[in-house]
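Trainee: Input upload_7.cif, format and content: mmCIF, C-alpha atoms and all ligand atoms.
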```
data_model
loop_
_atom_site.label_atom_id
_atom_site.label_comp_id
_atom_site.auth_asym_id
_atom_site.auth_seq_id
_atom_site.Cartn_x
_atom_site.Cartn_y
_atom_site.Cartn_z
CA MET O 3 95.90 -22.29 13.59
CA ARG O 4 97.65 -23.28 16.81
CA ILE O 5 96.51 -25.86 19.37
CA LEU O 6 97.38 -25.00 22.99
CA LYS O 7 96.91 -26.94 26.22
CA LEU O 8 96.52 -24.81 29.35
CA LYS O 9 96.84 -26.33 32.82
CA GLY O 10 95.57 -24.83 36.06
CA LYS O 11 94.16 -25.48 39.50
CA SER O 12 90.58 -24.96 38.35
CA GLU O 13 88.67 -24.67 35.14
CA GLU O 14 87.49 -21.20 36.17
CA LYS O 15 91.01 -19.83 36.56
CA ILE O 16 92.12 -21.23 33.19
CA LEU O 17 89.09 -19.70 31.36
CA LYS O 18 89.85 -16.26 32.86
CA GLU O 19 93.42 -16.56 31.62
CA ILE O 20 92.21 -17.59 28.12
CA GLU O 21 89.88 -14.62 27.91
CA LYS O 22 92.61 -12.26 29.07
CA GLU O 23 95.14 -13.57 26.57
CA TYR O 24 93.05 -14.33 23.44
CA GLY O 25 89.80 -12.54 23.89
CA ASN O 26 87.14 -14.17 21.77
CA GLN O 27 89.67 -15.62 19.32
CA ALA O 28 90.11 -18.89 21.24
CA VAL O 29 87.93 -21.91 20.59
CA ILE O 30 87.75 -24.41 23.47
CA LEU O 31 88.30 -27.91 22.13
CA SER O 32 88.22 -29.98 25.38
CA THR O 33 88.38 -29.81 29.17
CA GLN O 34 89.86 -32.65 31.17
CA GLN O 35 91.53 -33.62 34.51
CA GLU O 36 95.26 -34.45 34.59
CA GLU O 37 95.85 -38.18 35.15
CA GLN O 38 98.07 -39.07 38.12
CA SER O 39 99.75 -42.35 39.03
CA GLY O 40 101.70 -43.96 41.90
CA LEU O 41 101.90 -42.47 45.36
CA THR O 42 101.54 -38.81 44.18
CA LYS O 43 97.79 -39.33 43.56
CA TRP O 44 97.34 -39.53 47.41
CA PHE O 45 98.76 -36.14 48.35
CA LYS O 46 98.66 -34.00 45.17
CA THR O 47 95.53 -32.06 44.00
CA PRO O 48 94.76 -33.02 40.36
CA LYS O 49 95.07 -30.23 37.77
CA THR O 50 92.60 -29.21 35.01
CA ILE O 51 93.79 -29.13 31.40
CA ILE O 52 91.86 -27.13 28.78
CA THR O 53 92.81 -27.56 25.11
CA ILE O 54 92.14 -24.54 22.89
CA ALA O 55 92.66 -23.58 19.28
CA VAL O 56 93.67 -20.03 18.39
CA LYS O 57 94.33 -18.42 15.03
CA ASP O 58 97.88 -17.40 14.45
CA GLU O 59 99.00 -13.87 13.47
CA ASP O 60 98.74 -14.41 9.68
CA GLU O 61 95.27 -15.73 9.90
CA LEU O 62 94.17 -12.85 12.08
CA GLU O 63 95.70 -10.40 9.65
CA GLN O 64 93.82 -11.99 6.70
CA ASP O 65 90.52 -11.91 8.57
CA LYS O 66 91.04 -8.24 9.30
CA LYS O 67 91.81 -7.51 5.65
CA ALA O 68 88.83 -9.47 4.41
CA ILE O 69 86.53 -7.55 6.71
CA GLU O 70 87.94 -4.25 5.54
CA GLU O 71 87.53 -5.21 1.87
CA ILE O 72 83.80 -5.85 2.17
CA PRO O 73 82.12 -3.09 0.01
CA ARG O 74 79.80 -1.88 2.72
CA GLY O 75 78.22 1.06 0.81
CA ASN O 76 77.30 -1.08 -2.19
CA LEU O 77 75.93 -3.71 0.04
CA VAL O 78 73.59 -1.25 1.71
CA ALA O 79 72.68 0.28 -1.64
CA GLU O 80 72.20 -3.15 -3.15
CA SER O 81 70.10 -4.31 -0.28
CA ASN O 82 68.14 -1.06 -0.45
CA GLU O 83 67.67 -1.57 -4.18
CA LYS O 84 66.66 -5.15 -3.59
CA LEU O 85 64.28 -4.04 -0.90
CA LYS O 86 62.88 -1.44 -3.25
CA GLU O 87 62.46 -4.01 -6.00
CA GLU O 88 60.80 -6.38 -3.62
CA SER O 89 58.55 -3.60 -2.30
CA TYR O 90 57.76 -2.59 -5.88
CA GLU O 91 56.85 -6.17 -6.68
CA VAL O 92 54.66 -6.26 -3.61
CA LEU O 93 53.12 -2.92 -4.55
CA LEU O 94 52.49 -4.11 -8.10
CA GLY O 95 50.85 -7.20 -6.72
CA LEU O 96 48.76 -5.06 -4.39
CA LYS O 97 47.85 -2.73 -7.24
CA ASP O 98 46.72 -5.70 -9.31
CA GLN O 99 44.70 -6.95 -6.41
CA LEU O 100 43.20 -3.48 -5.89
CA ASN O 101 42.30 -3.21 -9.57
CA GLN O 102 40.74 -6.62 -9.44
CA LEU O 103 38.81 -5.63 -6.32
CA GLN O 104 37.67 -2.41 -7.92
CA ARG O 105 36.47 -4.30 -10.97
CA GLU O 106 34.59 -6.72 -8.74
CA ILE O 107 33.03 -3.89 -6.71
CA GLY O 108 32.06 -2.18 -9.99
CA THR O 109 30.40 -5.34 -11.21
CA ILE O 110 28.59 -5.82 -7.90
CA LYS O 111 27.40 -2.20 -8.01
CA GLN O 112 26.20 -2.60 -11.58
CA VAL O 113 24.36 -5.78 -10.70
CA GLN O 114 22.83 -4.05 -7.68
CA LEU O 115 21.83 -1.09 -9.86
CA GLU O 116 20.20 -3.36 -12.39
CA ASP O 117 18.51 -5.33 -9.62
CA LYS O 118 17.18 -2.04 -8.20
CA LYS O 119 16.02 -0.96 -11.65
CA ASP O 120 14.36 -4.34 -12.09
CA SER O 121 12.76 -4.15 -8.69
CA ASP O 122 11.69 -0.54 -9.33
CA ASN O 123 10.14 -1.68 -12.59
CA ASP O 124 8.61 -4.65 -10.81
CA THR O 125 7.14 -2.32 -8.17
CA LEU O 126 5.82 0.02 -10.85
CA GLU O 127 4.37 -2.90 -12.74
CA ALA O 128 2.89 -4.26 -9.53
CA ASP O 129 1.43 -0.83 -8.72
CA ASN O 130 -0.04 -0.52 -12.21
CA LYS O 131 -1.32 -4.04 -11.94
CA TRP O 132 -3.06 -3.14 -8.69
CA LEU O 133 -4.39 0.11 -10.19
CA ASN O 134 -5.71 -1.78 -13.21
CA TYR O 135 -7.10 -4.50 -11.00
CA LEU O 136 -8.88 -1.93 -8.83
CA LYS O 137 -10.36 -0.21 -11.90
CA ALA O 138 -11.40 -3.53 -13.45
CA LYS O 139 -13.04 -4.57 -10.18
CA LEU O 140 -14.95 -1.32 -9.80
CA VAL O 141 -16.08 -1.48 -13.43
CA GLN O 142 -17.17 -5.07 -12.85
CA LEU O 143 -19.20 -3.76 -9.89
CA GLY O 144 -20.95 -1.38 -12.28
CA LEU O 145 -18.99 1.83 -11.75
CA LYS O 146 -18.47 3.67 -15.05
CA GLU O 147 -14.87 3.53 -16.23
CA GLU O 148 -14.70 7.26 -16.82
CA ILE O 149 -15.75 7.93 -13.22
CA CYS O 150 -13.18 5.39 -11.99
CA THR O 151 -10.43 6.97 -14.06
CA GLN O 152 -11.36 10.38 -12.74
CA TYR O 153 -11.30 9.17 -9.13
CA LEU O 154 -7.94 7.44 -9.59
CA GLU O 155 -6.34 10.20 -11.63
CA GLY O 156 -2.67 10.77 -10.78
CA MET O 157 -2.44 7.51 -8.86
CA SER O 158 0.19 4.99 -9.92
CA ASP O 159 2.76 4.04 -7.31
CA GLU O 160 0.52 4.54 -4.28
CA SER O 161 -0.11 1.54 -2.08
CA PRO O 162 -3.39 -0.37 -2.54
CA GLU O 163 -4.54 1.05 0.82
CA GLU O 164 -3.88 4.60 -0.39
CA MET O 165 -5.80 3.94 -3.61
CA ILE O 166 -8.75 2.54 -1.68
CA ARG O 167 -8.63 5.55 0.66
CA LYS O 168 -8.63 7.87 -2.36
CA ILE O 169 -11.58 6.04 -3.94
CA TYR O 170 -13.38 6.20 -0.61
CA SER O 171 -12.94 9.94 -0.27
CA GLU O 172 -13.88 10.55 -3.93
CA LEU O 173 -17.06 8.51 -3.50
CA GLU O 174 -17.86 10.37 -0.33
CA LYS O 175 -17.43 13.70 -2.10
CA SER O 176 -19.46 12.61 -5.10
CA LEU O 177 -22.43 10.88 -3.42
CA ARG O 178 -25.12 13.00 -1.81
CA GLU O 179 -27.55 11.80 0.79
CA LYS O 180 -30.57 13.45 2.39
CA GLU O 181 -32.09 13.34 5.83
CA GLU O 182 -35.70 12.37 6.47
CA LYS O 183 -36.19 15.38 8.71
CA ASP O 184 -35.93 17.56 5.60
CA LEU O 185 -38.96 15.90 4.00
CA ALA O 186 -41.88 18.09 2.98
CA GLN O 187 -45.50 17.22 3.86
CA ILE O 188 -46.53 16.54 0.26
CA ILE O 189 -44.47 13.86 -1.46
CA PHE O 190 -44.69 12.90 -5.15
CA PHE O 191 -43.38 9.65 -6.59
CA ILE O 192 -42.52 9.99 -10.27
CA GLY O 193 -40.61 7.82 -12.72
CA SER O 194 -40.66 5.43 -15.67
CA THR O 195 -43.10 2.53 -15.96
CA GLY O 196 -42.58 -0.39 -13.61
CA VAL O 197 -39.61 1.01 -11.67
CA GLY O 198 -41.36 0.40 -8.33
CA LYS O 199 -43.10 3.68 -7.51
CA THR O 200 -46.26 2.16 -6.01
CA THR O 201 -44.40 -0.55 -4.08
CA THR O 202 -41.93 1.96 -2.67
CA LEU O 203 -44.75 4.30 -1.67
CA ALA O 204 -46.39 1.40 0.19
CA LYS O 205 -43.11 0.56 1.95
CA LEU O 206 -42.69 4.16 3.08
CA THR O 207 -46.29 4.41 4.22
CA ALA O 208 -45.71 1.40 6.45
CA LYS O 209 -42.46 2.89 7.76
CA TYR O 210 -43.97 6.31 8.56
CA VAL O 211 -47.17 4.89 10.05
CA LEU O 212 -45.90 1.83 11.90
CA GLU O 213 -42.39 2.92 12.92
CA GLU O 214 -42.68 6.67 13.18
CA HIS O 215 -46.38 6.86 14.10
CA LYS O 216 -47.08 9.55 11.52
CA LYS O 217 -50.50 10.38 10.09
CA VAL O 218 -50.42 9.47 6.41
CA VAL O 219 -52.90 9.73 3.54
CA LEU O 220 -52.37 8.28 0.08
CA PHE O 221 -53.32 9.88 -3.24
CA THR O 222 -53.10 8.20 -6.57
CA ALA O 223 -53.06 10.03 -9.85
CA ASP O 224 -52.56 6.82 -11.77
CA THR O 225 -55.88 6.28 -13.41
CA TYR O 226 -54.39 4.96 -16.63
CA ARG O 227 -53.99 1.35 -15.56
CA ILE O 228 -57.11 -0.40 -14.30
CA ALA O 229 -55.25 -2.31 -11.65
CA ALA O 230 -53.21 0.65 -10.39
CA VAL O 231 -55.88 2.06 -8.06
CA GLU O 232 -56.70 -1.41 -6.75
CA GLN O 233 -53.04 -2.05 -6.10
CA LEU O 234 -52.70 1.03 -3.90
CA LYS O 235 -56.08 0.42 -2.21
CA THR O 236 -54.89 -2.99 -1.11
CA TYR O 237 -51.81 -1.46 0.58
CA ALA O 238 -53.96 1.31 2.11
CA ASP O 239 -56.36 -1.23 3.58
CA ILE O 240 -53.61 -3.34 5.06
CA LEU O 241 -51.92 -0.31 6.59
CA GLY O 242 -55.18 1.28 7.71
CA VAL O 243 -54.76 4.58 5.87
CA GLU O 244 -57.15 6.59 3.68
CA ILE O 245 -56.79 6.86 -0.09
CA GLU O 246 -57.97 9.47 -2.59
CA VAL O 247 -58.04 9.02 -6.35
CA ILE O 248 -57.10 12.14 -8.34
CA TYR O 249 -58.70 11.96 -11.77
CA ASN O 250 -57.83 15.49 -12.78
CA GLU O 251 -54.84 17.58 -11.79
CA ALA O 252 -57.12 20.52 -11.07
CA GLU O 253 -58.64 18.54 -8.19
CA LEU O 254 -55.37 18.14 -6.39
CA PRO O 255 -55.30 21.42 -4.38
CA GLN O 256 -58.73 20.74 -2.86
CA TYR O 257 -57.70 17.25 -1.77
CA ILE O 258 -54.55 18.66 -0.25
CA GLU O 259 -56.64 21.18 1.62
CA LYS O 260 -58.88 18.37 2.83
CA TRP O 261 -55.92 16.40 4.24
CA LYS O 262 -53.73 19.26 5.38
CA HIS O 263 -53.75 18.00 9.00
CA MET O 264 -51.79 14.90 7.96
CA ASP O 265 -48.08 14.58 8.52
CA TYR O 266 -47.58 13.20 5.05
CA ILE O 267 -49.58 13.14 1.85
CA LEU O 268 -47.99 10.55 -0.45
CA ILE O 269 -48.95 10.92 -4.13
CA ASP O 270 -48.49 8.05 -6.59
CA THR O 271 -48.29 8.92 -10.27
CA ALA O 272 -48.63 6.89 -13.44
CA GLY O 273 -45.47 5.49 -14.99
CA ARG O 274 -44.29 7.77 -17.78
CA SER O 275 -42.01 7.13 -20.63
CA HIS O 276 -39.28 9.72 -20.45
CA LYS O 277 -39.44 9.77 -24.23
CA ASN O 278 -43.07 10.83 -24.21
CA GLU O 279 -43.09 14.63 -23.98
CA GLU O 280 -46.89 14.76 -23.64
CA GLN O 281 -46.92 12.58 -20.55
CA VAL O 282 -44.17 14.65 -18.95
CA LYS O 283 -46.24 17.78 -19.56
CA GLU O 284 -49.21 16.21 -17.71
CA LEU O 285 -46.95 15.44 -14.77
CA LYS O 286 -45.75 19.02 -14.72
CA ALA O 287 -49.35 20.22 -14.69
CA LEU O 288 -50.11 17.97 -11.72
CA MET O 289 -47.21 19.18 -9.61
CA LYS O 290 -47.05 22.83 -10.53
CA ASN O 291 -49.92 23.86 -8.23
CA VAL O 292 -48.16 22.54 -5.14
CA ASP O 293 -45.62 24.92 -3.61
CA LYS O 294 -43.89 23.08 -0.83
CA LYS O 295 -43.33 19.59 -1.98
CA GLN O 296 -40.86 16.75 -1.99
CA VAL O 297 -40.47 14.97 -5.32
CA PHE O 298 -38.84 11.56 -5.60
CA LEU O 299 -37.66 10.36 -8.98
CA VAL O 300 -37.70 6.57 -8.72
CA LEU O 301 -35.00 4.85 -10.77
CA ASN O 302 -34.20 1.19 -11.26
CA ALA O 303 -30.64 0.36 -10.00
CA SER O 304 -29.91 -1.24 -13.36
CA THR O 305 -30.63 1.90 -15.41
CA ALA O 306 -27.84 2.47 -17.90
CA ALA O 307 -25.73 5.55 -17.10
CA LYS O 308 -26.50 7.19 -20.45
CA ASP O 309 -30.25 6.73 -19.87
CA VAL O 310 -29.95 8.34 -16.44
CA VAL O 311 -28.92 11.60 -18.08
CA THR O 312 -31.85 11.49 -20.54
CA ILE O 313 -34.37 10.53 -17.85
CA VAL O 314 -33.18 13.24 -15.48
CA ASN O 315 -33.21 15.87 -18.22
CA THR O 316 -36.76 14.87 -19.16
CA TYR O 317 -38.13 14.95 -15.60
CA GLU O 318 -36.37 18.22 -14.91
CA LYS O 319 -38.77 19.69 -17.46
CA ALA O 320 -41.61 18.70 -15.13
CA GLU O 321 -39.86 19.70 -11.89
CA SER O 322 -36.29 20.87 -11.43
CA GLU O 323 -35.93 19.97 -7.74
CA PHE O 324 -36.05 16.29 -6.87
CA ASP O 325 -34.22 13.57 -5.01
CA LEU O 326 -33.67 9.95 -5.97
CA ILE O 327 -34.97 6.60 -4.82
CA ILE O 328 -33.02 3.74 -6.37
CA THR O 329 -34.95 0.46 -6.52
CA LYS O 330 -34.28 -3.22 -7.18
CA LEU O 331 -30.72 -3.33 -5.90
CA ASP O 332 -31.37 -6.98 -5.15
CA GLU O 333 -31.66 -7.64 -8.88
CA THR O 334 -28.14 -6.55 -9.79
CA ASP O 335 -24.56 -7.32 -8.88
CA GLU O 336 -23.56 -3.99 -10.33
CA ILE O 337 -24.26 -1.98 -7.21
CA GLY O 338 -21.65 0.53 -8.40
CA ASN O 339 -24.34 1.83 -10.74
CA VAL O 340 -25.76 3.68 -7.73
CA VAL O 341 -22.68 5.92 -7.96
CA ASN O 342 -23.22 6.46 -11.69
CA ILE O 343 -26.86 7.36 -11.10
CA GLY O 344 -26.00 9.84 -8.34
CA TYR O 345 -23.12 11.20 -10.42
CA TYR O 346 -24.96 11.67 -13.74
CA ALA O 347 -28.23 12.76 -12.13
CA ASN O 348 -26.29 15.08 -9.82
CA LYS O 349 -29.06 14.67 -7.24
CA PRO O 350 -29.12 13.42 -3.65
CA ILE O 351 -30.15 9.80 -3.07
CA MET O 352 -32.63 9.28 -0.26
CA TYR O 353 -33.73 5.63 -0.24
CA LEU O 354 -32.57 2.31 -1.65
CA THR O 355 -34.94 -0.63 -2.10
CA ASN O 356 -33.76 -4.19 -2.32
CA GLY O 357 -36.73 -6.52 -2.69
CA GLN O 358 -40.46 -6.89 -3.20
CA ASN O 359 -41.35 -7.23 0.45
CA VAL O 360 -43.54 -4.48 1.85
CA PRO O 361 -42.50 -2.92 4.16
CA ALA O 362 -39.15 -4.59 4.87
CA ASP O 363 -37.12 -4.05 1.71
CA ILE O 364 -36.26 -0.36 1.94
CA LYS O 365 -33.59 1.65 3.73
CA ILE O 366 -32.39 5.20 3.96
CA PHE O 367 -29.36 5.74 1.75
CA ASN O 368 -26.32 6.04 3.98
CA LYS O 369 -23.29 6.73 1.85
CA ASP O 370 -20.68 5.45 4.33
CA GLU O 371 -22.55 2.17 4.61
CA TYR O 372 -22.93 1.97 0.85
CA ILE O 373 -19.26 2.76 0.09
CA THR O 374 -18.09 0.23 2.68
CA ASP O 375 -20.34 -2.38 1.06
CA LEU O 376 -19.07 -1.52 -2.43
CA LEU O 377 -15.36 -1.50 -1.53
CA GLY O 378 -15.84 -4.55 0.69
CA ARG O 379 -16.87 -6.47 -2.41
CA ILE O 380 -13.46 -5.74 -3.96
CA SER O 381 -11.42 -7.11 -1.10
CA ASN O 382 -13.75 -10.08 -0.59
CA GLU O 383 -12.90 -11.42 -4.04
N1 LIG D 401 -36.89 -7.29 -6.90
C1 LIG D 401 -37.53 -6.16 -6.62
N2 LIG D 401 -38.70 -5.91 -7.17
C2 LIG D 401 -39.31 -4.74 -6.87
C3 LIG D 401 -38.74 -3.78 -6.02
N3 LIG D 401 -39.59 -2.74 -5.96
C4 LIG D 401 -40.66 -3.06 -6.74
N4 LIG D 401 -40.50 -4.25 -7.28
C5 LIG D 401 -41.40 -4.95 -8.18
O1 LIG D 401 -41.46 -4.27 -9.39
C6 LIG D 401 -42.72 -4.47 -9.99
C7 LIG D 401 -43.31 -3.13 -10.35
O2 LIG D 401 -43.55 -2.44 -9.17
P1 LIG D 401 -44.55 -1.24 -9.07
O3 LIG D 401 -44.48 -0.70 -7.71
O4 LIG D 401 -45.88 -1.62 -9.58
O5 LIG D 401 -43.90 -0.26 -10.10
P2 LIG D 401 -44.49 1.12 -10.60
O6 LIG D 401 -43.38 2.03 -10.86
O7 LIG D 401 -45.52 1.58 -9.69
O8 LIG D 401 -45.12 0.67 -11.98
P3 LIG D 401 -46.18 1.54 -12.87
O9 LIG D 401 -47.13 2.11 -11.92
O10 LIG D 401 -46.78 0.55 -13.79
O11 LIG D 401 -45.39 2.57 -13.57
C8 LIG D 401 -43.57 -5.21 -8.97
O12 LIG D 401 -43.57 -6.56 -9.28
C9 LIG D 401 -42.81 -5.01 -7.68
O13 LIG D 401 -42.98 -6.07 -6.75
C10 LIG D 401 -37.45 -4.08 -5.47
O14 LIG D 401 -36.85 -3.31 -4.73
N5 LIG D 401 -36.89 -5.27 -5.81
MG MG D 402 -47.49 2.16 -9.95
#
```
Could you quickly redo this structure as C-alpha cells?
Mentor:
Amino acid sequence: MRILKLKGKSEEKILKEIEKEYGNQAVILSTQQEEQSGLTKWFKTPKTIITIAVKDEDELEQDKKAIEEIPRGNLVAESNEKLKEESYEVLLGLKDQLNQLQREIGTIKQVQLEDKKDSDNDTLEADNKWLNYLKAKLVQLGLKEEICTQYLEGMSDESPEEMIRKIYSELEKSLREKEEKDLAQIIFFIGSTGVGKTTTLAKLTAKYVLEEHKKVVLFTADTYRIAAVEQLKTYADILGVEIEVIYNEAELPQYIEKWKHMDYILIDTAGRSHKNEEQVKELKALMKNVDKKQVFLVLNASTAAKDVVTIVNTYEKAESEFDLIITKLDETDEIGNVVNIGYYANKPIMYLTNGQNVPADIKIFNKDEYITDLLGRISNE
C-alpha cells in the first residue's frame, strides 16, 4: 500500500487527476489546505492537498488472482443446491401443514356429517313425535285409532300443518252431510231406548213451525210406555200442532192420507233394543207401507264404535235407507266419535243435538264446522 499526497489549485482538479490515474483503486484519506506563513500568505493563493492510499502493483496482482481463483460454477451450483434444499424444506413444511389442514377439514366434515345425521334423526324423531301426538290427541277426542292410522297412512316427515291438512281432507271425504231441502214429507224417528228420539222430534217441530213456518203434524207409534204419548202431547200443545196416536201399523196409511196437506208428518216410534229381533220386525211393518219417506236413526254420541255397526245392521233389516241424528254431544268430550259413527254406519249425518233444551239444542250437521271444532281442540291444548 502506498500513501500519496496530491497538491492542486482546487479539490475538484485533484479528484479528476486521481480518477484518471488510479481509477477506483484510490482511497481518499484526507483533504486539507496548505498552510502558509510570512509575507507570502498575502499574495499567494493557498493550495489544496489530498492524501490518498493506493494499492501497489503486487497487491493489485494478488487481488486479480484471488478473484480469478473463485470457483464460480460450484458457487452457483452450491447456491442452487442450497436454494433447492431450502425450497424442499419449505415444501416439506408446507406439505405437513397441508396434511394437517386436510386432517382438520376431514374431522370438521365428519363432525358436520354426524351433526347432520343427528339433526336428521332429531327431525325424524320430532316428526314421529308430532305424528304420535296427533294420533294420541285424536284418539283422546274419541276418534278410533284404526281410522286415525288410516287417515295418517304414509305420513312421517310431513310438517304438522301438512298432517292437519291431510286429516282435514280425509275427514271431509269420509263424513257425509245432508241438506234439509232433500227431506221427504213423512219423517220417521227410530232408534234405541232413551237416545232422544222424542226430544229431537220436538226440537225439529219447533224449528220447522216457528222458524220455517211449515205446517207440521205429529204421529206417535209409541204406545208401549204410558208416559210416551203424554210427553209428545205436551210438546204438541206448546207448539200448537196436532197429534195422532197410531196404535196399529195398519192404521198408518189412513192417517197419512188424512194429513197429506201438511208439509211434514213427523212420526215418533218406541225405543227398540237392537238386540230384539221381534221389535225390529214391528218397526219394519210400520214403515213398509210408506213409499216416500225420510227415516232418521237417532244415535247417542257416546255409542261405542263396535255397537254402531251392530245397531246399523239391525235397523237396516227394518229399512235400508236412513240418515243419522247424533244426540247428546254435550255429554261427551269425545266428539271424535261422530266420525266413527258416520264411518262405521256409512250413512250421512243430518242433525246434531247438544242439550235438553227444546227447541234450542239442535243444529244441522255441517262437516266443515264440525271438523274445524274437532281439530281446533287439538291445537287449543
Ligand atoms: N244432555 C242431553 N240430553 C238429551 C238430549 N236429547 C235428549 N236428551 C234427554 O234424554 C232423555 C231421553 O230423551 P227422549 O227424547 O225421551 O228419548 P227417546 O229416545 O224418545 O226415549 P224412548 O222413547 O224411551 O226410547 C231425556 O231426559 C232428554 O231430555 C241431548 O241432546 N242432550
Ligand atoms: Mg220417546
Trainee: Compile the contact shell of Leu145 of chain O as an MDAnalysis selection string: residues with an atom at most 12 Å away, counting all atoms listed in the file, same-chain residues fewer than 2 positions apart removed.
Mentor: chainID O and resid 136:143 147:153 169 173 303:304 306:307 335:346 373 376:377
Trainee: Go ahead and save the picked residues with C-alpha atoms, as a short mmCIF file (atom, residue, chain, number, x, y, z; two decimals), in the coordinates of the input.
Mentor:
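Once everything was written out, this is part-v7.cif:
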```cif
data_model
loop_
_atom_site.label_atom_id
_atom_site.label_comp_id
_atom_site.auth_asym_id
_atom_site.auth_seq_id
_atom_site.Cartn_x
_atom_site.Cartn_y
_atom_site.Cartn_z
CA LEU O 136 -8.88 -1.93 -8.83
CA LYS O 137 -10.36 -0.21 -11.90
CA ALA O 138 -11.40 -3.53 -13.45
CA LYS O 139 -13.04 -4.57 -10.18
CA LEU O 140 -14.95 -1.32 -9.80
CA VAL O 141 -16.08 -1.48 -13.43
CA GLN O 142 -17.17 -5.07 -12.85
CA LEU O 143 -19.20 -3.76 -9.89
CA GLU O 147 -14.87 3.53 -16.23
CA GLU O 148 -14.70 7.26 -16.82
CA ILE O 149 -15.75 7.93 -13.22
CA CYS O 150 -13.18 5.39 -11.99
CA THR O 151 -10.43 6.97 -14.06
CA GLN O 152 -11.36 10.38 -12.74
CA TYR O 153 -11.30 9.17 -9.13
CA ILE O 169 -11.58 6.04 -3.94
CA LEU O 173 -17.06 8.51 -3.50
CA ALA O 303 -30.64 0.36 -10.00
CA SER O 304 -29.91 -1.24 -13.36
CA ALA O 306 -27.84 2.47 -17.90
CA ALA O 307 -25.73 5.55 -17.10
CA ASP O 335 -24.56 -7.32 -8.88
CA GLU O 336 -23.56 -3.99 -10.33
CA ILE O 337 -24.26 -1.98 -7.21
CA GLY O 338 -21.65 0.53 -8.40
CA ASN O 339 -24.34 1.83 -10.74
CA VAL O 340 -25.76 3.68 -7.73
CA VAL O 341 -22.68 5.92 -7.96
CA ASN O 342 -23.22 6.46 -11.69
CA ILE O 343 -26.86 7.36 -11.10
CA GLY O 344 -26.00 9.84 -8.34
CA TYR O 345 -23.12 11.20 -10.42
CA TYR O 346 -24.96 11.67 -13.74
CA ILE O 373 -19.26 2.76 0.09
CA LEU O 376 -19.07 -1.52 -2.43
CA LEU O 377 -15.36 -1.50 -1.53
#
```
Trainee: Given a cut-off of 9 Å, what residues near ligand LIG 401 (chain D) show up using all atoms listed in the file, put as a ChimeraX atom specification?
Mentor: /O:191-204,224,227,230,233,270-274,300-303,328-333,354-360,363-364
Trainee: Restricting the calculation to all atoms listed in the file: of O:Thr312, O:Gln27, O:Thr225, O:Gln256, which residue gets closest to ligand MG 402 (chain D)?
Mentor: O:Thr225
Trainee: Please measure the separation of atom CA of Ala252 of chain O and atom CA of Ile269 of chain O, giving the value in Å to one decimal.
Mentor: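 We find that atom CA of Ala252 of chain O and atom CA of Ile269 of chain O lie 14.4 Å from each other.
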Trainee: Would you work out the distance separating atom CA of Gly242 of chain O from atom CA of Ala208 of chain O, expressed in Å to one decimal?
Mentor: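 The value is 9.6 Å.
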